[in-house]
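Participant: For reference, the file my_file_8.cif (mmCIF, C-alpha atoms and all ligand atoms) is included below:
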data_upload
loop_
_atom_site.label_atom_id
_atom_site.label_comp_id
_atom_site.auth_asym_id
_atom_site.auth_seq_id
_atom_site.Cartn_x
_atom_site.Cartn_y
_atom_site.Cartn_z
CA MET M 96 145.06 66.13 54.28
CA THR M 97 141.71 66.03 56.16
CA GLU M 98 140.91 62.62 57.58
CA ILE M 99 137.69 61.08 56.20
CA LYS M 100 135.41 60.33 59.14
CA PRO M 101 133.33 57.16 59.07
CA ILE M 102 129.60 56.84 59.63
CA LEU M 103 128.28 54.53 62.34
CA VAL M 104 125.37 52.42 61.10
CA THR M 105 123.28 50.38 63.54
CA GLY M 106 121.39 47.32 62.30
CA GLY M 107 123.41 47.25 59.09
CA ALA M 108 123.08 43.47 58.74
CA GLY M 109 119.28 43.67 58.42
CA PHE M 110 117.16 44.23 55.32
CA ILE M 111 117.33 48.00 54.82
CA GLY M 112 120.58 48.46 56.75
CA SER M 113 122.50 46.01 54.54
CA ASN M 114 121.16 47.58 51.34
CA PHE M 115 122.20 50.95 52.78
CA VAL M 116 125.72 49.80 53.70
CA LEU M 117 126.27 48.24 50.25
CA ASP M 118 125.03 51.42 48.53
CA TRP M 119 127.09 53.66 50.80
CA ILE M 120 130.33 51.80 50.09
CA GLU M 121 129.58 52.02 46.37
CA THR M 122 128.53 55.67 46.19
CA GLU M 123 130.31 57.53 49.02
CA SER M 124 133.96 57.80 50.02
CA SER M 125 133.74 57.52 53.81
CA PRO M 126 134.06 54.23 55.74
CA VAL M 127 131.21 52.44 57.54
CA ILE M 128 131.23 50.96 61.04
CA ASN M 129 128.31 48.53 61.32
CA LEU M 130 127.06 47.76 64.86
CA ASP M 131 124.64 44.83 64.77
CA LYS M 132 123.50 42.26 67.33
CA LEU M 133 122.81 39.66 64.62
CA THR M 134 119.37 38.65 65.78
CA TYR M 135 117.49 36.21 63.54
CA ALA M 136 116.98 39.20 61.19
CA GLY M 137 120.64 40.15 60.86
CA ASN M 138 122.62 38.22 58.32
CA PRO M 139 126.37 38.79 57.94
CA LEU M 140 126.17 36.72 54.73
CA THR M 141 124.49 39.64 53.04
CA LEU M 142 127.64 41.70 53.53
CA ALA M 143 130.14 38.93 52.74
CA SER M 144 131.36 40.92 49.70
CA LEU M 145 132.69 43.61 52.10
CA GLU M 146 134.68 41.22 54.28
CA ASN M 147 138.10 42.42 53.10
CA ASN M 148 137.09 45.96 52.29
CA PRO M 149 139.25 48.38 54.32
CA ARG M 150 136.35 50.87 54.40
CA TYR M 151 134.07 48.43 56.24
CA THR M 152 134.20 47.36 59.90
CA PHE M 153 131.68 45.02 61.49
CA VAL M 154 131.06 45.15 65.25
CA HIS M 155 128.96 42.39 66.77
CA GLY M 156 127.11 44.04 69.65
CA ASP M 157 123.92 45.41 71.15
CA ILE M 158 122.80 49.04 70.92
CA CYS M 159 121.46 48.62 74.48
CA ASP M 160 125.06 48.29 75.67
CA GLY M 161 125.80 51.91 76.58
CA GLU M 162 129.49 51.24 77.32
CA LEU M 163 130.05 49.63 73.95
CA VAL M 164 128.30 52.54 72.20
CA ALA M 165 130.43 55.10 74.08
CA ASP M 166 133.59 53.16 73.30
CA LEU M 167 132.78 52.87 69.59
CA LEU M 168 132.03 56.58 69.29
CA GLU M 169 135.23 57.49 71.10
CA ARG M 170 137.35 55.14 69.00
CA HIS M 171 135.90 55.76 65.55
CA ARG M 172 134.74 59.40 65.92
CA PRO M 173 132.00 59.14 63.26
CA GLN M 174 130.62 62.12 61.34
CA ALA M 175 127.11 60.65 61.65
CA ILE M 176 125.08 57.85 63.18
CA VAL M 177 122.44 56.24 60.97
CA HIS M 178 120.16 54.27 63.26
CA PHE M 179 118.35 51.31 61.67
CA ALA M 180 118.66 48.70 64.44
CA ALA M 181 115.24 47.59 65.62
CA GLU M 182 112.89 44.70 66.06
CA SER M 183 110.83 45.30 62.95
CA HIS M 184 108.10 42.67 62.47
CA VAL M 185 104.57 43.58 63.57
CA ASP M 186 103.39 39.95 64.00
CA ARG M 187 106.33 39.19 66.30
CA SER M 188 105.60 42.33 68.34
CA ILE M 189 102.07 41.04 68.98
CA LEU M 190 103.35 37.67 70.17
CA GLY M 191 106.30 39.01 72.21
CA PRO M 192 106.56 42.77 72.72
CA GLU M 193 109.46 42.73 75.24
CA ALA M 194 112.30 42.66 72.73
CA PHE M 195 110.63 45.54 70.87
CA LEU M 196 110.52 47.75 73.95
CA LYS M 197 114.08 46.82 74.85
CA THR M 198 115.76 47.42 71.49
CA ASN M 199 113.52 50.07 69.96
CA ILE M 200 113.08 52.24 73.04
CA ASP M 201 115.94 51.50 75.45
CA GLY M 202 118.38 50.88 72.58
CA THR M 203 117.52 54.22 70.99
CA PHE M 204 117.90 55.90 74.39
CA GLN M 205 121.36 54.38 74.87
CA LEU M 206 122.43 55.56 71.43
CA LEU M 207 121.07 59.06 72.01
CA ARG M 208 122.84 59.27 75.36
CA GLY M 209 126.13 58.10 73.85
CA ALA M 210 125.72 60.37 70.82
CA LEU M 211 125.08 63.43 72.97
CA ALA M 212 128.09 62.80 75.22
CA PHE M 213 130.25 62.35 72.11
CA TYR M 214 128.75 65.39 70.34
CA ARG M 215 129.63 67.56 73.35
CA THR M 216 133.30 66.68 72.96
CA LEU M 217 133.37 67.90 69.35
CA GLU M 218 134.48 71.31 68.16
CA GLY M 219 134.38 73.44 65.03
CA GLU M 220 133.48 71.77 61.74
CA GLU M 221 133.29 68.31 63.31
CA LYS M 222 130.59 69.56 65.67
CA GLU M 223 128.78 71.54 62.99
CA ASN M 224 128.61 68.55 60.64
CA PHE M 225 127.69 65.81 63.14
CA ARG M 226 124.23 64.20 62.61
CA PHE M 227 122.09 61.57 64.34
CA HIS M 228 119.75 60.12 61.69
CA HIS M 229 116.86 58.10 63.09
CA VAL M 230 115.22 55.71 60.60
CA SER M 231 111.54 55.36 61.41
CA THR M 232 108.25 54.22 59.98
CA ASP M 233 104.86 55.47 58.79
CA GLU M 234 103.24 53.04 61.26
CA VAL M 235 103.65 55.65 64.02
CA PHE M 236 100.75 57.58 62.42
CA GLY M 237 98.27 54.72 62.88
CA THR M 238 95.73 53.79 60.24
CA LEU M 239 93.83 55.62 57.46
CA LYS M 240 90.30 55.28 56.10
CA THR M 241 89.91 55.00 52.31
CA GLU M 242 88.93 58.66 51.98
CA ASP M 243 91.65 60.07 54.30
CA PRO M 244 94.58 62.04 52.86
CA ALA M 245 98.03 60.43 53.10
CA PHE M 246 100.20 60.81 56.24
CA HIS M 247 102.23 64.03 56.21
CA GLU M 248 104.88 65.31 58.63
CA GLU M 249 102.27 67.03 60.84
CA THR M 250 99.92 64.02 61.12
CA PRO M 251 99.39 63.28 64.83
CA TYR M 252 100.97 60.08 66.17
CA ALA M 253 98.49 57.22 66.82
CA PRO M 254 100.47 53.94 66.83
CA ASN M 255 98.37 50.77 67.03
CA SER M 256 100.68 47.74 67.31
CA PRO M 257 103.36 47.14 69.97
CA TYR M 258 105.94 47.58 67.18
CA ALA M 259 104.45 50.90 66.08
CA ALA M 260 104.18 52.09 69.70
CA SER M 261 107.84 51.27 70.34
CA LYS M 262 108.92 53.13 67.20
CA ALA M 263 106.71 56.10 68.14
CA ALA M 264 108.39 56.16 71.57
CA SER M 265 111.82 56.14 69.93
CA ASP M 266 110.78 59.01 67.62
CA HIS M 267 109.69 61.04 70.64
CA LEU M 268 113.02 60.40 72.36
CA VAL M 269 114.89 61.62 69.29
CA ARG M 270 112.72 64.72 69.15
CA ALA M 271 113.35 65.39 72.85
CA TRP M 272 117.13 64.96 72.52
CA HIS M 273 117.10 67.59 69.81
CA HIS M 274 114.69 69.98 71.51
CA THR M 275 116.14 69.75 75.03
CA TYR M 276 119.84 69.01 74.50
CA GLY M 277 120.41 70.38 71.00
CA LEU M 278 121.57 67.06 69.50
CA PRO M 279 121.58 67.59 65.69
CA THR M 280 118.99 64.99 64.69
CA LEU M 281 117.28 64.08 61.43
CA MET M 282 114.34 61.71 61.14
CA THR M 283 112.74 59.87 58.25
CA ASN M 284 109.37 58.08 58.45
CA CYS M 285 109.11 55.64 55.58
CA SER M 286 106.39 53.41 54.13
CA ASN M 287 106.71 49.66 53.39
CA ASN M 288 109.99 48.67 51.74
CA TYR M 289 110.62 45.68 49.48
CA GLY M 290 113.61 44.39 47.53
CA PRO M 291 116.72 42.18 47.88
CA TYR M 292 117.71 40.72 51.29
CA HIS M 293 114.19 41.11 52.74
CA PHE M 294 113.67 38.50 55.45
CA PRO M 295 111.01 36.02 54.26
CA GLU M 296 108.65 36.61 57.18
CA LYS M 297 107.40 39.85 55.56
CA LEU M 298 104.61 39.85 52.98
CA ILE M 299 106.49 40.09 49.66
CA PRO M 300 109.45 37.74 50.29
CA LEU M 301 107.18 35.31 52.16
CA MET M 302 104.82 35.08 49.20
CA ILE M 303 107.69 34.62 46.71
CA THR M 304 109.40 31.87 48.73
CA HIS M 305 106.13 30.06 49.49
CA ALA M 306 104.99 30.21 45.87
CA LEU M 307 108.30 28.77 44.64
CA GLU M 308 107.81 25.79 46.97
CA GLY M 309 104.13 25.35 46.14
CA LYS M 310 103.10 26.28 49.70
CA PRO M 311 99.85 28.16 50.41
CA LEU M 312 100.02 31.98 50.30
CA PRO M 313 98.45 33.22 53.58
CA VAL M 314 96.51 36.46 53.02
CA TYR M 315 95.30 37.98 56.31
CA GLY M 316 91.57 38.77 56.60
CA ASP M 317 89.99 39.99 53.36
CA GLY M 318 93.32 41.06 51.84
CA LEU M 319 92.00 44.56 51.15
CA GLN M 320 94.39 46.33 53.54
CA VAL M 321 96.47 48.93 51.73
CA ARG M 322 100.22 49.49 51.99
CA ASP M 323 102.31 52.11 50.13
CA TRP M 324 105.34 50.33 48.65
CA LEU M 325 108.88 51.67 48.12
CA TYR M 326 111.83 49.84 46.56
CA VAL M 327 114.53 49.56 49.24
CA LYS M 328 117.27 51.21 47.12
CA ASP M 329 115.02 54.27 46.83
CA HIS M 330 114.72 54.38 50.62
CA CYS M 331 118.52 54.24 50.83
CA SER M 332 118.90 57.15 48.40
CA ALA M 333 116.32 59.12 50.42
CA ILE M 334 118.31 58.59 53.63
CA ARG M 335 121.54 59.66 51.92
CA THR M 336 119.79 62.78 50.62
CA VAL M 337 118.34 63.73 54.00
CA LEU M 338 121.63 63.01 55.76
CA ALA M 339 123.50 65.25 53.35
CA ASN M 340 121.05 68.13 53.04
CA GLY M 341 118.21 67.77 55.56
CA THR M 342 117.51 70.53 58.06
CA VAL M 343 118.55 69.61 61.59
CA GLY M 344 115.60 68.81 63.86
CA GLU M 345 113.25 68.14 60.93
CA THR M 346 111.39 64.98 59.99
CA TYR M 347 110.80 63.83 56.40
CA ASN M 348 108.18 61.37 55.17
CA ILE M 349 109.52 58.94 52.56
CA GLY M 350 107.31 56.92 50.21
CA GLY M 351 106.89 55.73 46.66
CA CYS M 352 103.27 56.70 45.96
CA ASN M 353 102.43 53.06 45.29
CA GLN M 354 99.28 52.23 47.24
CA ARG M 355 98.15 48.64 46.64
CA THR M 356 95.88 46.21 48.48
CA ASN M 357 97.66 43.13 49.78
CA LEU M 358 95.58 41.02 47.43
CA GLU M 359 96.71 43.11 44.45
CA VAL M 360 100.34 42.67 45.53
CA VAL M 361 100.03 38.90 45.95
CA THR M 362 98.14 38.50 42.65
CA PHE M 363 100.76 40.56 40.80
CA LEU M 364 103.54 38.47 42.36
CA CYS M 365 101.79 35.31 41.20
CA GLU M 366 101.56 36.67 37.64
CA LEU M 367 105.26 37.58 37.66
CA LEU M 368 106.16 34.09 38.87
CA ASP M 369 103.92 32.51 36.19
CA GLU M 370 105.94 34.46 33.61
CA LEU M 371 109.43 34.06 35.12
CA VAL M 372 109.10 30.37 36.11
CA PRO M 373 107.17 29.01 33.14
CA LYS M 374 107.98 25.39 34.00
CA SER M 375 106.71 25.63 37.59
CA ALA M 376 104.43 22.79 38.64
CA PHE M 377 102.45 25.31 40.69
CA ARG M 378 101.20 27.54 37.84
CA PRO M 379 98.97 29.46 37.96
CA HIS M 380 100.48 30.50 41.29
CA ARG M 381 97.31 32.37 42.29
CA GLN M 382 95.69 28.98 43.03
CA LEU M 383 97.93 28.91 46.16
CA ILE M 384 96.24 31.97 47.75
CA ARG M 385 94.49 31.21 51.06
CA PHE M 386 92.59 33.68 53.25
CA VAL M 387 93.63 33.12 56.89
CA THR M 388 92.83 34.62 60.30
CA ASP M 389 93.47 38.36 60.37
CA ARG M 390 96.30 40.02 62.31
CA PRO M 391 94.92 41.40 65.63
CA GLY M 392 94.53 45.20 65.47
CA HIS M 393 95.49 45.14 61.77
CA ASP M 394 95.96 48.67 60.38
CA ARG M 395 93.73 49.07 57.34
CA ARG M 396 95.62 51.55 55.22
CA TYR M 397 98.97 53.38 55.11
CA ALA M 398 99.81 56.08 52.57
CA ILE M 399 102.67 58.55 52.58
CA ASP M 400 102.69 62.12 51.36
CA ALA M 401 106.36 62.54 50.39
CA ARG M 402 106.06 66.03 48.88
CA LYS M 403 108.23 67.72 51.53
CA VAL M 404 111.38 65.70 50.77
CA GLU M 405 110.82 66.22 47.04
CA ARG M 406 110.14 69.95 47.35
CA GLU M 407 112.93 70.76 49.82
CA LEU M 408 115.63 68.23 48.93
CA GLY M 409 114.74 67.14 45.40
CA TRP M 410 114.42 63.43 46.27
CA LYS M 411 112.21 61.17 44.14
CA PRO M 412 112.08 57.37 43.86
CA ALA M 413 113.68 55.85 40.76
CA GLU M 414 111.59 52.67 40.62
CA SER M 415 107.89 52.19 39.93
CA PHE M 416 106.17 49.35 41.78
CA GLU M 417 106.15 47.29 38.59
CA THR M 418 109.89 47.66 37.85
CA GLY M 419 110.88 47.25 41.50
CA LEU M 420 108.77 44.15 42.04
CA ARG M 421 110.13 42.50 38.89
CA LYS M 422 113.71 43.18 40.06
CA THR M 423 112.82 41.73 43.46
CA VAL M 424 111.35 38.51 42.10
CA GLU M 425 114.35 38.10 39.79
CA TRP M 426 116.67 38.61 42.77
CA TYR M 427 114.92 35.90 44.83
CA LEU M 428 115.05 33.51 41.87
CA ALA M 429 118.79 34.10 41.50
CA ASN M 430 119.56 33.93 45.25
CA LYS M 431 117.77 30.88 46.61
CA THR M 432 120.75 29.96 48.81
CA TRP M 433 120.43 33.26 50.68
CA THR M 434 116.82 32.44 51.56
CA GLU M 435 117.70 28.87 52.57
CA ASN M 436 120.51 30.12 54.81
CA VAL M 437 118.49 32.79 56.59
CA THR M 438 115.47 30.59 57.20
CA SER M 439 117.28 27.62 58.67
CA GLY M 440 117.92 27.10 62.38
CA VAL M 441 116.71 29.73 64.82
CA TYR M 442 114.02 31.13 62.57
CA LYS M 443 112.46 27.75 61.83
CA GLN M 444 112.30 26.87 65.52
CA TRP M 445 110.73 30.22 66.35
CA ILE M 446 108.13 30.01 63.61
CA GLU M 447 107.15 26.50 64.64
CA LYS M 448 106.77 27.51 68.28
CA ASN M 449 104.90 30.77 67.71
CA TYR M 450 103.06 30.44 64.41
CA GLY M 451 102.48 26.71 64.59
CA PHE M 452 98.73 27.17 64.25
CA ARG M 453 98.93 29.41 61.22
CA LYS M 454 102.11 29.20 59.18
CA ALA M 455 104.02 26.03 59.89
CA GLU M 456 100.97 23.97 58.89
CA LEU M 457 100.63 25.76 55.59
P1 LIG R 1 115.32 44.09 60.01
O1 LIG R 1 114.51 43.41 61.06
O2 LIG R 1 115.48 43.44 58.69
O3 LIG R 1 116.79 44.37 60.56
C1 LIG R 1 117.03 44.85 61.85
C2 LIG R 1 118.53 44.74 62.13
O4 LIG R 1 118.78 45.26 63.45
C3 LIG R 1 119.05 43.30 62.14
O5 LIG R 1 120.29 43.23 61.47
C4 LIG R 1 119.23 42.98 63.62
O6 LIG R 1 120.24 42.01 63.87
C5 LIG R 1 119.60 44.35 64.17
N1 LIG R 1 119.29 44.48 65.60
C6 LIG R 1 118.14 44.15 66.24
N2 LIG R 1 118.24 44.42 67.55
C7 LIG R 1 119.47 44.95 67.75
C8 LIG R 1 120.16 45.45 68.90
N3 LIG R 1 119.59 45.44 70.10
N4 LIG R 1 121.41 45.93 68.73
C9 LIG R 1 122.01 45.94 67.51
N5 LIG R 1 121.41 45.47 66.40
C10 LIG R 1 120.15 44.99 66.51
O7 LIG R 1 114.68 45.54 59.87
P2 LIG R 1 114.49 46.44 58.56
O8 LIG R 1 113.24 46.06 57.88
O9 LIG R 1 115.75 46.48 57.82
O10 LIG R 1 114.23 47.87 59.24
C11 LIG R 1 115.32 48.72 59.59
C12 LIG R 1 114.78 49.99 60.22
O11 LIG R 1 113.90 50.64 59.30
C13 LIG R 1 113.95 49.74 61.47
O12 LIG R 1 114.23 50.76 62.39
C14 LIG R 1 112.50 49.83 60.99
O13 LIG R 1 111.66 50.27 62.02
C15 LIG R 1 112.63 50.87 59.90
N6 LIG R 1 111.65 50.78 58.79
C16 LIG R 1 111.45 49.59 58.15
C17 LIG R 1 110.56 49.54 57.07
C18 LIG R 1 110.31 48.28 56.30
O14 LIG R 1 109.43 48.25 55.44
N7 LIG R 1 111.06 47.21 56.52
C19 LIG R 1 109.87 50.70 56.68
C20 LIG R 1 110.11 51.91 57.39
C21 LIG R 1 111.01 51.92 58.44
O1 LIG R 2 104.92 50.60 56.96
C1 LIG R 2 106.25 50.35 57.29
C2 LIG R 2 106.36 49.03 58.00
O2 LIG R 2 106.19 48.02 57.01
C3 LIG R 2 107.68 48.84 58.73
O3 LIG R 2 107.79 49.80 59.74
C4 LIG R 2 107.79 47.44 59.33
O4 LIG R 2 109.04 47.24 59.93
C5 LIG R 2 107.60 46.43 58.21
O5 LIG R 2 107.61 45.12 58.73
C6 LIG R 2 106.27 46.68 57.48
O6 LIG R 2 105.15 46.39 58.34
P1 LIG R 2 103.84 45.65 57.79
O7 LIG R 2 103.13 45.04 58.92
O8 LIG R 2 103.06 46.54 56.89
O9 LIG R 2 104.56 44.54 56.86
P2 LIG R 2 104.27 42.98 56.63
O10 LIG R 2 105.13 42.57 55.48
O11 LIG R 2 104.34 42.19 57.88
O12 LIG R 2 102.76 42.99 56.13
C7 LIG R 2 102.33 43.74 55.01
C8 LIG R 2 100.84 43.55 54.87
O13 LIG R 2 100.59 42.18 54.46
C9 LIG R 2 100.07 43.74 56.16
O14 LIG R 2 98.81 44.32 55.86
C10 LIG R 2 99.87 42.30 56.68
C11 LIG R 2 99.77 41.49 55.41
N1 LIG R 2 100.29 40.09 55.48
C12 LIG R 2 101.55 39.91 55.98
C13 LIG R 2 102.08 38.64 56.05
C14 LIG R 2 103.45 38.41 56.63
C15 LIG R 2 99.53 39.04 55.01
O15 LIG R 2 98.38 39.24 54.52
N2 LIG R 2 100.05 37.78 55.09
C16 LIG R 2 101.30 37.53 55.60
O16 LIG R 2 101.72 36.33 55.67
#
Show me this structure written as structure tokens.
Ligand code: NAD
Ligand code: DAU

Facilitator:
Amino acid sequence: MTEIKPILVTGGAGFIGSNFVLDWIETESSPVINLDKLTYAGNPLTLASLENNPRYTFVHGDICDGELVADLLERHRPQAIVHFAAESHVDRSILGPEAFLKTNIDGTFQLLRGALAFYRTLEGEEKENFRFHHVSTDEVFGTLKTEDPAFHEETPYAPNSPYAASKAASDHLVRAWHHTYGLPTLMTNCSNNYGPYHFPEKLIPLMITHALEGKPLPVYGDGLQVRDWLYVKDHCSAIRTVLANGTVGETYNIGGCNQRTNLEVVTFLCELLDELVPKSAFRPHRQLIRFVTDRPGHDRRYAIDARKVERELGWKPAESFETGLRKTVEWYLANKTWTENVTSGVYKQWIEKNYGFRKAEL
């Protein structure tokens, strides 16, 4: 009988990573090794249901630790690495870029180095099937004007925030490890995700949790910036599709074709909450909207052209923005303890220290 090789996931306790791990265990037969440092954004609680699952192993560690990476690869001999681990919040990258350069650039380098050394020890089918899948973002392409076409795979890189620059650097490293050393890489550049287990510092979960508590809803600048939204489970299915059938060395743009201004998103959320929490003392929730100081260097518009992944691999999102956002609000209403747990302690102290002027007062 052929042994089923695991996949090594990095950052699997974060928002997208945990959704991916849960989906993988449900839909695939191979085990998952999850390497995560458990920063403020990584929550083992999210994966509590897998605690006794023999197909799931959690490793508490840092992707920047080259020895640990080499040891894990040697011990578990994965068929693929799916690399999510990153510092992911643009506002934090503006206030403190160091951690972004460390994890997103050096961490990716350490993984690539370990992956290449491991790949070189493989033979036959194991070698042929091995993949390094780098999960990246549309922010590497910079910003669009209203009349510009959406980002496609050939759009030149023009990252604007420290976060985007660190992700762009990691994308370039992945490209180089394929081009120079022949590491079998795949890369996906995805637009804004939303859904369950999204840390409430990001727009959608922040607005839901603030609205439920009757706190102001801080909209940056004029609120007319555009993002292209994708339900997180659709991102997970896109990664599984690319991992299974993508062409080595290629990149694929992933998106849901759901361009909305931030103000439209927040207004829609308020309407959903008016409907789903009819007894709320804060109805109509839109009265909580406040326009606050804009994010420095704020990208005006992102939009993804996802035709390549549809044409070549047959992937399409299952959720519309309306169905996905309703599911998301319902999830936050049913899982208030999750939000309370992830926002207590370290996160609260950080937000008070760094955002004191803007968010803690709200
Ligand atoms: P997240 O911040 O919710 O989770 C990041 C995870 O990585 C956490 O579990 C954290 O503990 C872990 N981590 C951080 N530093 C680490 C380190 N040095 N070693 C090991 N683990 C570490 O992020 P997310 O929103 O789930 O994003 C996951 C990936 O997807 C990132 O690479 C991000 O750039 C990319 N992405 C995110 C979006 C989005 O909308 N959220 C869109 C496109 C691409
Ligand atoms: O595009 C993909 C990217 O999407 C990912 O690579 C990032 O990891 C992810 O964090 C996300 O980045 P954004 O900066 O677009 O997401 P954020 O939720 O921080 O903000 C979305 C928009 O909402 C942005 O225009 C800023 C605005 N905003 C955000 C917050 C937190 C507000 O107006 N008010 C807020 O309080």

Participant: Ligand LIG 2 (chain R): which residues are within 8 Å, counting all atoms listed in the file? Reply as a VMD selection string.

Facilitator: chain M and resid 182 to 186 231 to 234 258 to 259 285 to 288 296 to 299 301 to 302 312 to 316 318 320 to 323 357 to 358 389 to 390 393 to 397 454

Participant: Taking all atoms listed in the file and a cut-off of 7 Å, can you tell me which residues surround ligand LIG 1 (chain R), written as a PyMOL selection string?

Facilitator: chain M and resi 105-112+130-138+156-159+178-184+198+202+230-233+262+284-289+293-294

Participant: List every residue of stretch 131-197 of chain M that has an atom at most 6 Å from any atom of stretch 225-229 of chain M, and for each one report the closest atom pair and its distance in Å to one decimal, counting only C-alpha atoms, with rows sorted by chain and then by increasing residue number, as a tab-separated table.

Facilitator:
residue	atom	partner	partner_atom	distance
M:Gln174	CA	M:Phe225	CA	5.0
M:Ala175	CA	M:Arg226	CA	4.7
M:Ile176	CA	M:Phe227	CA	4.9
M:Val177	CA	M:His228	CA	4.8
M:His178	CA	M:His229	CA	5.1

Participant: For a quick check of understanding, using only C-alpha atoms, which of M:Glu218, M:Glu123, M:Asp400, M:Asp266 has the smallest distance to M:Ala245?

Facilitator: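 Distance minimum relative to M:Ala245 lands on M:Asp400.
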
Participant: Of the residues M:Leu325, M:Ala339, M:Val424, M:Ala271, which is the one nearest to M:Ile303, using only C-alpha atoms?

Facilitator: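 Nearest to M:Ile303: M:Val424.
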
Participant: Between M:Thr203, M:His171, M:Phe236, M:Lys100, single out the one closest to M:Glu220, counting only C-alpha atoms.

Facilitator: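 Using only C-alpha atoms, the shortest distance to M:Glu220 belongs to M:Lys100.
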
Participant: Please identify all polymer residues within 8 Å of M:Val164, counting all atoms listed in the file, omitting same-chain residues fewer than 5 positions from it, and present them as number ranges by chain.

Facilitator: M: 158, 205-206, 209

Participant: For the selection you just gave me, I'd like the residues written to a file as a compact mmCIF listing (two decimals), in the coordinates of the input, keeping C-alpha atoms.

Facilitator:
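So part.txt came out as:
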# COMPACT_ATOMS: atom_id res chain seq x y z
CA ILE M 158 122.80 49.04 70.92
CA GLN M 205 121.36 54.38 74.87
CA LEU M 206 122.43 55.56 71.43
CA GLY M 209 126.13 58.10 73.85

Participant: Any idea what the distance is between atom CA of M:Val437 and atom CA of M:Leu307?

Facilitator: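 According to the coordinates, atom CA of M:Val437 and atom CA of M:Leu307 are separated by 16.2 Å.
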
Participant: Report the distance between atom CA of M:Gly290 and atom CA of M:Ala398 in Å, rounded to one decimal place.

Facilitator: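 Computing it gives 18.8 Å between the two atoms.
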
Participant: Write out as a PDB file with C-alpha atoms, in the frame of the given file which residues come within 8 Å of M:Trp433 when counting all atoms listed in the file, dropping same-chain ones fewer than 2 positions away.

Facilitator:
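Output saved as part_39.pdb:
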ATOM      1  CA  LEU M 140     126.170  36.720  54.730  1.00  0.00           C
ATOM      2  CA  THR M 141     124.490  39.640  53.040  1.00  0.00           C
ATOM      3  CA  TYR M 292     117.710  40.720  51.290  1.00  0.00           C
ATOM      4  CA  ASN M 430     119.560  33.930  45.250  1.00  0.00           C
ATOM      5  CA  LYS M 431     117.770  30.880  46.610  1.00  0.00           C
ATOM      6  CA  GLU M 435     117.700  28.870  52.570  1.00  0.00           C
ATOM      7  CA  ASN M 436     120.510  30.120  54.810  1.00  0.00           C
ATOM      8  CA  VAL M 437     118.490  32.790  56.590  1.00  0.00           C
TER       9      VAL M 437
END

Participant: Between M:Ile399, M:Val116, M:Lys374, M:Asp329, which one has atoms that come closest to M:Leu239, using all atoms listed in the file?

Facilitator: M:Ile399

Participant: Could you check how far atom CA of M:Ile384 sits from atom CA of M:Val441, in Å to one decimal?

Facilitator: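 According to the coordinates, atom CA of M:Ile384 and atom CA of M:Val441 are separated by 26.7 Å.
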
Participant: Could stretch 222-230 of chain M be completed with N, CA, C and O atoms and written as a PDB file, in the frame of the given file, please?

Facilitator:
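Below is the file part31.pdb, written as the result:
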ATOM      1  N   LYS M 222     131.811  69.393  64.891  1.00  0.00           N
ATOM      2  CA  LYS M 222     130.590  69.560  65.670  1.00  0.00           C
ATOM      3  C   LYS M 222     129.453  70.027  64.757  1.00  0.00           C
ATOM      4  O   LYS M 222     128.326  69.535  64.822  1.00  0.00           O
ATOM      5  N   GLU M 223     129.779  70.973  63.901  1.00  0.00           N
ATOM      6  CA  GLU M 223     128.780  71.540  62.990  1.00  0.00           C
ATOM      7  C   GLU M 223     128.191  70.474  62.073  1.00  0.00           C
ATOM      8  O   GLU M 223     127.009  70.499  61.752  1.00  0.00           O
ATOM      9  N   ASN M 224     129.047  69.537  61.641  1.00  0.00           N
ATOM     10  CA  ASN M 224     128.610  68.550  60.640  1.00  0.00           C
ATOM     11  C   ASN M 224     128.009  67.280  61.237  1.00  0.00           C
ATOM     12  O   ASN M 224     127.453  66.457  60.509  1.00  0.00           O
ATOM     13  N   PHE M 225     128.146  67.073  62.545  1.00  0.00           N
ATOM     14  CA  PHE M 225     127.690  65.810  63.140  1.00  0.00           C
ATOM     15  C   PHE M 225     126.156  65.678  63.034  1.00  0.00           C
ATOM     16  O   PHE M 225     125.412  66.642  63.226  1.00  0.00           O
ATOM     17  N   ARG M 226     125.682  64.457  62.710  1.00  0.00           N
ATOM     18  CA  ARG M 226     124.230  64.200  62.610  1.00  0.00           C
ATOM     19  C   ARG M 226     123.872  62.864  63.249  1.00  0.00           C
ATOM     20  O   ARG M 226     124.624  61.883  63.131  1.00  0.00           O
ATOM     21  N   PHE M 227     122.685  62.833  63.861  1.00  0.00           N
ATOM     22  CA  PHE M 227     122.090  61.570  64.340  1.00  0.00           C
ATOM     23  C   PHE M 227     120.839  61.358  63.497  1.00  0.00           C
ATOM     24  O   PHE M 227     119.856  62.077  63.641  1.00  0.00           O
ATOM     25  N   HIS M 228     120.893  60.364  62.593  1.00  0.00           N
ATOM     26  CA  HIS M 228     119.750  60.120  61.690  1.00  0.00           C
ATOM     27  C   HIS M 228     118.959  58.916  62.191  1.00  0.00           C
ATOM     28  O   HIS M 228     119.457  57.789  62.197  1.00  0.00           O
ATOM     29  N   HIS M 229     117.726  59.161  62.578  1.00  0.00           N
ATOM     30  CA  HIS M 229     116.860  58.100  63.090  1.00  0.00           C
ATOM     31  C   HIS M 229     115.945  57.612  61.957  1.00  0.00           C
ATOM     32  O   HIS M 229     115.195  58.391  61.366  1.00  0.00           O
ATOM     33  N   VAL M 230     116.024  56.283  61.691  1.00  0.00           N
ATOM     34  CA  VAL M 230     115.220  55.710  60.600  1.00  0.00           C
ATOM     35  C   VAL M 230     113.917  55.182  61.199  1.00  0.00           C
ATOM     36  O   VAL M 230     113.929  54.246  61.992  1.00  0.00           O
TER      37      VAL M 230
END
